[in-house]
Amino acid sequence: MSKIKKLTGSFRYTQWDPCLIVSQIVSMQSVLYCSLCIIIALMQDLTGSTRTLDHIFEYHEIHVRDNEGRSVIFAFVLNAIIGAFALWTIVGRTKLCLDFSCTYHGIHLLACWLYNGSFPTTFSWWALSVSCACITCVAGEFLCLRTELQAIPLSNIGAKVDL
(Lines give C-alpha, C1' and ligand atoms only; values in the text may rest on other atoms or scores of the structure.)
Protein backbone atom coordinates (compact mmCIF):
# COMPACT_ATOMS: atom_id res chain seq x y z
CA MET A 1 0.00 0.00 0.00
CA SER A 2 2.84 2.41 0.79
CA LYS A 3 4.36 1.90 -2.68
CA ILE A 4 1.07 2.81 -4.31
CA LYS A 5 0.80 5.91 -2.19
CA LYS A 6 4.30 7.01 -3.22
CA LEU A 7 3.50 6.49 -6.90
CA THR A 8 0.36 8.58 -7.06
CA GLY A 9 0.58 12.03 -8.55
CA SER A 10 3.89 11.61 -10.37
CA PHE A 11 4.99 10.42 -13.76
CA ARG A 12 7.74 8.10 -12.55
CA TYR A 13 8.83 6.42 -9.38
CA THR A 14 11.00 9.07 -7.71
CA GLN A 15 12.18 7.20 -4.62
CA TRP A 16 15.96 7.27 -4.21
CA ASP A 17 17.23 3.80 -5.14
CA PRO A 18 20.98 3.37 -4.53
CA CYS A 19 21.04 -0.16 -5.98
CA LEU A 20 19.59 1.11 -9.26
CA ILE A 21 22.03 4.03 -9.40
CA VAL A 22 25.08 1.86 -8.66
CA SER A 23 24.00 -0.75 -11.20
CA GLN A 24 23.51 1.97 -13.82
CA ILE A 25 26.96 3.40 -13.07
CA VAL A 26 28.56 -0.05 -13.34
CA SER A 27 26.65 -0.73 -16.56
CA MET A 28 27.71 2.58 -18.10
CA GLN A 29 31.36 2.05 -17.14
CA SER A 30 31.32 -1.49 -18.51
CA VAL A 31 29.66 -0.58 -21.80
CA LEU A 32 31.86 2.45 -22.41
CA TYR A 33 35.15 0.75 -21.53
CA CYS A 34 34.27 -2.32 -23.60
CA SER A 35 33.32 -0.22 -26.61
CA LEU A 36 36.45 1.93 -26.18
CA CYS A 37 38.63 -1.18 -26.07
CA ILE A 38 37.02 -2.56 -29.24
CA ILE A 39 37.30 0.75 -31.10
CA ILE A 40 40.93 1.29 -30.07
CA ALA A 41 41.79 -2.30 -31.02
CA LEU A 42 40.30 -1.72 -34.50
CA MET A 43 42.07 1.62 -34.85
CA GLN A 44 45.40 0.13 -33.82
CA ASP A 45 44.96 -2.63 -36.39
CA LEU A 46 44.43 0.03 -39.04
CA THR A 47 47.49 2.04 -37.99
CA GLY A 48 49.66 -1.03 -37.43
CA SER A 49 50.65 -0.20 -33.86
CA THR A 50 50.70 -2.61 -30.93
CA ARG A 51 47.71 -3.00 -28.64
CA THR A 52 48.29 -1.77 -25.14
CA LEU A 53 46.36 -0.23 -22.25
CA ASP A 54 48.48 2.89 -22.68
CA HIS A 55 46.17 4.01 -25.47
CA ILE A 56 43.25 4.10 -23.02
CA PHE A 57 44.87 5.33 -19.81
CA GLU A 58 48.16 7.01 -20.74
CA TYR A 59 47.45 10.69 -21.21
CA HIS A 60 50.65 11.22 -23.22
CA GLU A 61 49.19 9.03 -26.01
CA ILE A 62 46.68 11.71 -26.97
CA HIS A 63 48.33 13.87 -29.60
CA VAL A 64 47.97 14.81 -33.26
CA ARG A 65 51.60 14.26 -34.28
CA ASP A 66 51.00 10.90 -35.99
CA ASN A 67 48.23 8.56 -37.13
CA GLU A 68 48.39 6.54 -33.92
CA GLY A 69 47.56 9.57 -31.74
CA ARG A 70 44.86 10.76 -34.11
CA SER A 71 43.28 7.30 -34.09
CA VAL A 72 43.16 7.36 -30.28
CA ILE A 73 41.43 10.76 -30.40
CA PHE A 74 38.96 9.48 -33.00
CA ALA A 75 38.27 6.40 -30.84
CA PHE A 76 37.47 8.55 -27.80
CA VAL A 77 35.12 10.80 -29.81
CA LEU A 78 33.36 7.80 -31.35
CA ASN A 79 33.06 6.28 -27.89
CA ALA A 80 31.45 9.52 -26.64
CA ILE A 81 28.74 9.09 -29.28
CA ILE A 82 28.28 5.47 -28.23
CA GLY A 83 28.07 6.77 -24.65
CA ALA A 84 25.10 8.93 -25.62
CA PHE A 85 23.26 5.87 -26.90
CA ALA A 86 24.24 4.00 -23.72
CA LEU A 87 22.79 6.83 -21.63
CA TRP A 88 19.61 6.67 -23.66
CA THR A 89 19.28 2.90 -23.20
CA ILE A 90 20.58 2.38 -19.66
CA VAL A 91 19.58 5.59 -17.87
CA GLY A 92 16.81 6.96 -20.09
CA ARG A 93 16.32 10.21 -18.16
CA THR A 94 17.26 13.64 -19.49
CA LYS A 95 17.85 15.02 -15.99
CA LEU A 96 20.48 12.33 -15.25
CA CYS A 97 22.58 12.56 -18.42
CA LEU A 98 24.96 15.19 -17.02
CA ASP A 99 25.40 13.22 -13.80
CA PHE A 100 26.23 9.94 -15.52
CA SER A 101 28.44 11.58 -18.15
CA CYS A 102 30.48 13.36 -15.48
CA THR A 103 30.60 10.21 -13.36
CA TYR A 104 32.06 8.17 -16.22
CA HIS A 105 34.67 10.78 -17.05
CA GLY A 106 35.47 11.38 -13.37
CA ILE A 107 36.11 7.68 -12.83
CA HIS A 108 38.21 7.67 -16.01
CA LEU A 109 40.23 10.58 -14.59
CA LEU A 110 40.88 8.59 -11.41
CA ALA A 111 41.81 5.49 -13.44
CA CYS A 112 44.27 7.51 -15.55
CA TRP A 113 45.72 9.09 -12.41
CA LEU A 114 46.25 5.67 -10.81
CA TYR A 115 47.60 4.11 -14.02
CA ASN A 116 50.15 6.88 -14.63
CA GLY A 117 51.02 7.57 -11.03
CA SER A 118 50.59 11.30 -11.68
CA PHE A 119 47.73 13.69 -12.35
CA PRO A 120 47.02 14.28 -16.07
CA THR A 121 48.51 17.65 -16.98
CA THR A 122 48.50 17.75 -20.78
CA PHE A 123 46.15 20.17 -22.48
CA SER A 124 45.24 17.62 -25.16
CA TRP A 125 44.01 15.08 -22.57
CA TRP A 126 41.86 17.68 -20.80
CA ALA A 127 40.49 19.11 -24.04
CA LEU A 128 39.56 15.64 -25.27
CA SER A 129 38.01 14.63 -21.95
CA VAL A 130 35.89 17.76 -21.64
CA SER A 131 34.84 17.53 -25.29
CA CYS A 132 33.86 13.88 -24.96
CA ALA A 133 31.94 14.57 -21.75
CA CYS A 134 30.03 17.36 -23.52
CA ILE A 135 29.31 15.19 -26.56
CA THR A 136 28.05 12.34 -24.38
CA CYS A 137 25.91 14.61 -22.23
CA VAL A 138 24.35 16.75 -24.96
CA ALA A 139 23.69 13.88 -27.38
CA GLY A 140 22.35 11.72 -24.53
CA GLU A 141 20.04 14.52 -23.41
CA PHE A 142 18.82 14.97 -26.97
CA LEU A 143 18.01 11.26 -27.33
CA CYS A 144 16.37 11.00 -23.92
CA LEU A 145 14.36 14.18 -24.44
CA ARG A 146 12.99 12.93 -27.75
CA THR A 147 11.83 9.76 -26.00
CA GLU A 148 10.36 11.59 -23.01
CA LEU A 149 8.44 14.04 -25.22
CA GLN A 150 6.78 11.43 -27.40
CA ALA A 151 3.02 11.64 -27.46
CA ILE A 152 1.21 9.28 -25.14
CA PRO A 153 -1.08 7.08 -27.25
CA LEU A 154 -4.72 7.39 -26.27
CA SER A 155 -6.15 4.88 -28.74
CA ASN A 156 -6.55 2.06 -26.17
CA ILE A 157 -8.74 4.07 -23.79
CA GLY A 158 -12.03 3.28 -25.48
CA ALA A 159 -14.86 5.07 -27.22
CA LYS A 160 -16.60 6.28 -24.03
CA VAL A 161 -13.90 8.82 -23.19
CA ASP A 162 -14.81 12.29 -24.27
CA LEU A 163 -11.75 14.33 -25.12
# chains A, B, ... in the order shown; residues from 1 in each chain; ligands from 1
$ residues_around --residues "A:Leu32" --least-positions-apart "5" --cutoff "10 Å" --atoms "only C-alpha atoms" --output "PyMOL selection string"
chain A and resi 26-27+37-38+76+79-80+82-84+86+104
$ residues_around --residues "stretch 91-97 of chain A" --least-positions-apart "3" --cutoff "10 Å" --atoms "only C-alpha atoms" --output "list in words"
Leu20, Ile21, Gln24, Ile25, Ser27, Met28, Ala84, Phe85, Ala86, Leu87, Trp88, Phe100, Ser101, Cys102, Thr103, Thr136, Cys137, Val138, Ala139, Gly140, Glu141, Phe142, Leu143, Cys144, Leu145, Arg146, Thr147 and Glu148 of chain A
$ write_last_selection --atoms "N, CA and C atoms" --output "PDB file, in the first residue's frame"
ATOM      1  N   LEU A  20      19.814   0.780  -7.860  1.00  0.00           N
ATOM      2  CA  LEU A  20      19.590   1.114  -9.258  1.00  0.00           C
ATOM      3  C   LEU A  20      20.678   2.055  -9.774  1.00  0.00           C
ATOM      4  N   ILE A  21      21.019   3.060  -8.991  1.00  0.00           N
ATOM      5  CA  ILE A  21      22.029   4.033  -9.402  1.00  0.00           C
ATOM      6  C   ILE A  21      23.390   3.369  -9.557  1.00  0.00           C
ATOM      7  N   GLN A  24      23.424   1.169 -12.607  1.00  0.00           N
ATOM      8  CA  GLN A  24      23.509   1.969 -13.822  1.00  0.00           C
ATOM      9  C   GLN A  24      24.920   2.511 -14.037  1.00  0.00           C
ATOM     10  N   ILE A  25      25.581   2.930 -12.966  1.00  0.00           N
ATOM     11  CA  ILE A  25      26.964   3.402 -13.075  1.00  0.00           C
ATOM     12  C   ILE A  25      27.875   2.281 -13.546  1.00  0.00           C
ATOM     13  N   SER A  27      27.016  -0.406 -15.180  1.00  0.00           N
ATOM     14  CA  SER A  27      26.648  -0.729 -16.565  1.00  0.00           C
ATOM     15  C   SER A  27      27.245   0.271 -17.544  1.00  0.00           C
ATOM     16  N   MET A  28      27.136   1.551 -17.229  1.00  0.00           N
ATOM     17  CA  MET A  28      27.706   2.582 -18.103  1.00  0.00           C
ATOM     18  C   MET A  28      29.215   2.429 -18.224  1.00  0.00           C
ATOM     19  N   ALA A  84      26.416   8.284 -25.583  1.00  0.00           N
ATOM     20  CA  ALA A  84      25.104   8.926 -25.623  1.00  0.00           C
ATOM     21  C   ALA A  84      24.003   7.897 -25.821  1.00  0.00           C
ATOM     22  N   PHE A  85      24.249   6.931 -26.703  1.00  0.00           N
ATOM     23  CA  PHE A  85      23.263   5.870 -26.899  1.00  0.00           C
ATOM     24  C   PHE A  85      23.161   4.973 -25.663  1.00  0.00           C
ATOM     25  N   ALA A  86      24.279   4.776 -24.968  1.00  0.00           N
ATOM     26  CA  ALA A  86      24.243   3.996 -23.723  1.00  0.00           C
ATOM     27  C   ALA A  86      23.437   4.731 -22.657  1.00  0.00           C
ATOM     28  N   LEU A  87      23.607   6.048 -22.575  1.00  0.00           N
ATOM     29  CA  LEU A  87      22.793   6.831 -21.632  1.00  0.00           C
ATOM     30  C   LEU A  87      21.315   6.704 -21.955  1.00  0.00           C
ATOM     31  N   TRP A  88      20.996   6.769 -23.215  1.00  0.00           N
ATOM     32  CA  TRP A  88      19.611   6.672 -23.664  1.00  0.00           C
ATOM     33  C   TRP A  88      19.026   5.320 -23.300  1.00  0.00           C
ATOM     34  N   PHE A 100      25.582  11.179 -15.111  1.00  0.00           N
ATOM     35  CA  PHE A 100      26.228   9.943 -15.524  1.00  0.00           C
ATOM     36  C   PHE A 100      27.408  10.196 -16.459  1.00  0.00           C
ATOM     37  N   SER A 101      27.318  11.224 -17.283  1.00  0.00           N
ATOM     38  CA  SER A 101      28.436  11.578 -18.152  1.00  0.00           C
ATOM     39  C   SER A 101      29.636  12.031 -17.319  1.00  0.00           C
ATOM     40  N   CYS A 102      29.390  12.888 -16.351  1.00  0.00           N
ATOM     41  CA  CYS A 102      30.481  13.359 -15.478  1.00  0.00           C
ATOM     42  C   CYS A 102      31.012  12.240 -14.591  1.00  0.00           C
ATOM     43  N   THR A 103      30.154  11.344 -14.165  1.00  0.00           N
ATOM     44  CA  THR A 103      30.603  10.214 -13.356  1.00  0.00           C
ATOM     45  C   THR A 103      31.544   9.318 -14.142  1.00  0.00           C
ATOM     46  N   THR A 136      28.858  13.386 -25.009  1.00  0.00           N
ATOM     47  CA  THR A 136      28.047  12.341 -24.384  1.00  0.00           C
ATOM     48  C   THR A 136      26.819  12.941 -23.711  1.00  0.00           C
ATOM     49  N   CYS A 137      27.014  14.009 -22.967  1.00  0.00           N
ATOM     50  CA  CYS A 137      25.908  14.615 -22.227  1.00  0.00           C
ATOM     51  C   CYS A 137      24.865  15.229 -23.159  1.00  0.00           C
ATOM     52  N   VAL A 138      25.298  16.043 -24.103  1.00  0.00           N
ATOM     53  CA  VAL A 138      24.346  16.749 -24.964  1.00  0.00           C
ATOM     54  C   VAL A 138      23.615  15.780 -25.893  1.00  0.00           C
ATOM     55  N   ALA A 139      24.347  14.854 -26.499  1.00  0.00           N
ATOM     56  CA  ALA A 139      23.692  13.882 -27.384  1.00  0.00           C
ATOM     57  C   ALA A 139      22.779  12.949 -26.592  1.00  0.00           C
ATOM     58  N   GLY A 140      23.196  12.552 -25.381  1.00  0.00           N
ATOM     59  CA  GLY A 140      22.347  11.719 -24.535  1.00  0.00           C
ATOM     60  C   GLY A 140      21.086  12.443 -24.113  1.00  0.00           C
ATOM     61  N   GLU A 141      21.220  13.736 -23.759  1.00  0.00           N
ATOM     62  CA  GLU A 141      20.038  14.524 -23.408  1.00  0.00           C
ATOM     63  C   GLU A 141      19.094  14.656 -24.599  1.00  0.00           C
ATOM     64  N   PHE A 142      19.647  14.856 -25.778  1.00  0.00           N
ATOM     65  CA  PHE A 142      18.819  14.969 -26.971  1.00  0.00           C
ATOM     66  C   PHE A 142      18.020  13.691 -27.204  1.00  0.00           C
ATOM     67  N   LEU A 143      18.699  12.534 -27.109  1.00  0.00           N
ATOM     68  CA  LEU A 143      18.006  11.262 -27.333  1.00  0.00           C
ATOM     69  C   LEU A 143      16.954  10.993 -26.262  1.00  0.00           C
ATOM     70  N   CYS A 144      17.312  11.239 -25.009  1.00  0.00           N
ATOM     71  CA  CYS A 144      16.365  10.999 -23.917  1.00  0.00           C
ATOM     72  C   CYS A 144      15.179  11.957 -23.983  1.00  0.00           C
ATOM     73  N   LEU A 145      15.442  13.203 -24.349  1.00  0.00           N
ATOM     74  CA  LEU A 145      14.362  14.184 -24.437  1.00  0.00           C
ATOM     75  C   LEU A 145      13.380  13.833 -25.540  1.00  0.00           C
ATOM     76  N   ARG A 146      13.890  13.348 -26.662  1.00  0.00           N
ATOM     77  CA  ARG A 146      12.991  12.928 -27.746  1.00  0.00           C
ATOM     78  C   ARG A 146      12.088  11.793 -27.285  1.00  0.00           C
ATOM     79  N   THR A 147      12.637  10.872 -26.499  1.00  0.00           N
ATOM     80  CA  THR A 147      11.833   9.760 -26.000  1.00  0.00           C
ATOM     81  C   THR A 147      10.825  10.239 -24.963  1.00  0.00           C
ATOM     82  N   GLU A 148      11.252  11.114 -24.062  1.00  0.00           N
ATOM     83  CA  GLU A 148      10.358  11.592 -23.014  1.00  0.00           C
ATOM     84  C   GLU A 148       9.232  12.468 -23.555  1.00  0.00           C
TER      85      GLU A 148
END
$ atom_distance --atom1 "atom CA of A:Ser35" --atom2 "atom CA of A:Asp17"
27.1 Å
$ atom_distance --atom1 "atom CA of A:Leu53" --atom2 "atom CA of A:Ile81"
21.1 Å
$ residues_around --residues "stretch 110-120 of chain A" --least-positions-apart "3" --cutoff "8 Å" --atoms "only C-alpha atoms" --output "number ranges by chain"
A: 57-59, 106-107, 125-126
$ atom_distance --atom1 "atom CA of A:Thr50" --atom2 "atom CA of A:Ile73"
16.3 Å
$ closest_residue --among "A:Val64, A:Leu109, A:Ile152, A:Leu78" --to "A:Val130" --atoms "only C-alpha atoms"
A:Leu109
$ closest_residue --among "A:Cys132, A:Thr121, A:His105, A:Ala127" --to "A:His60" --atoms "only C-alpha atoms"
A:Thr121
$ select_by_dssp --residues "stretch 33-86 of chain A" --states "helix (DSSP H, G or I)" --output "JSON, numbers by chain"
{"A": [33, 34, 35, 36, 37, 38, 39, 40, 41, 42, 43, 44, 45, 46, 47, 54, 55, 56, 57, 59, 60, 61, 67, 68, 69, 70, 71, 72, 73, 74, 75, 76, 77, 78, 79, 80, 81, 82, 83, 84, 85, 86]}
$ closest_residue --among "A:Thr89, A:Ser23, A:Leu36, A:Asp99" --to "A:Phe74" --atoms "only C-alpha atoms"
A:Leu36
$ closest_residue --among "A:Leu149, A:Phe123, A:Val72, A:Tyr33" --to "A:Arg51" --atoms "only C-alpha atoms"
A:Val72
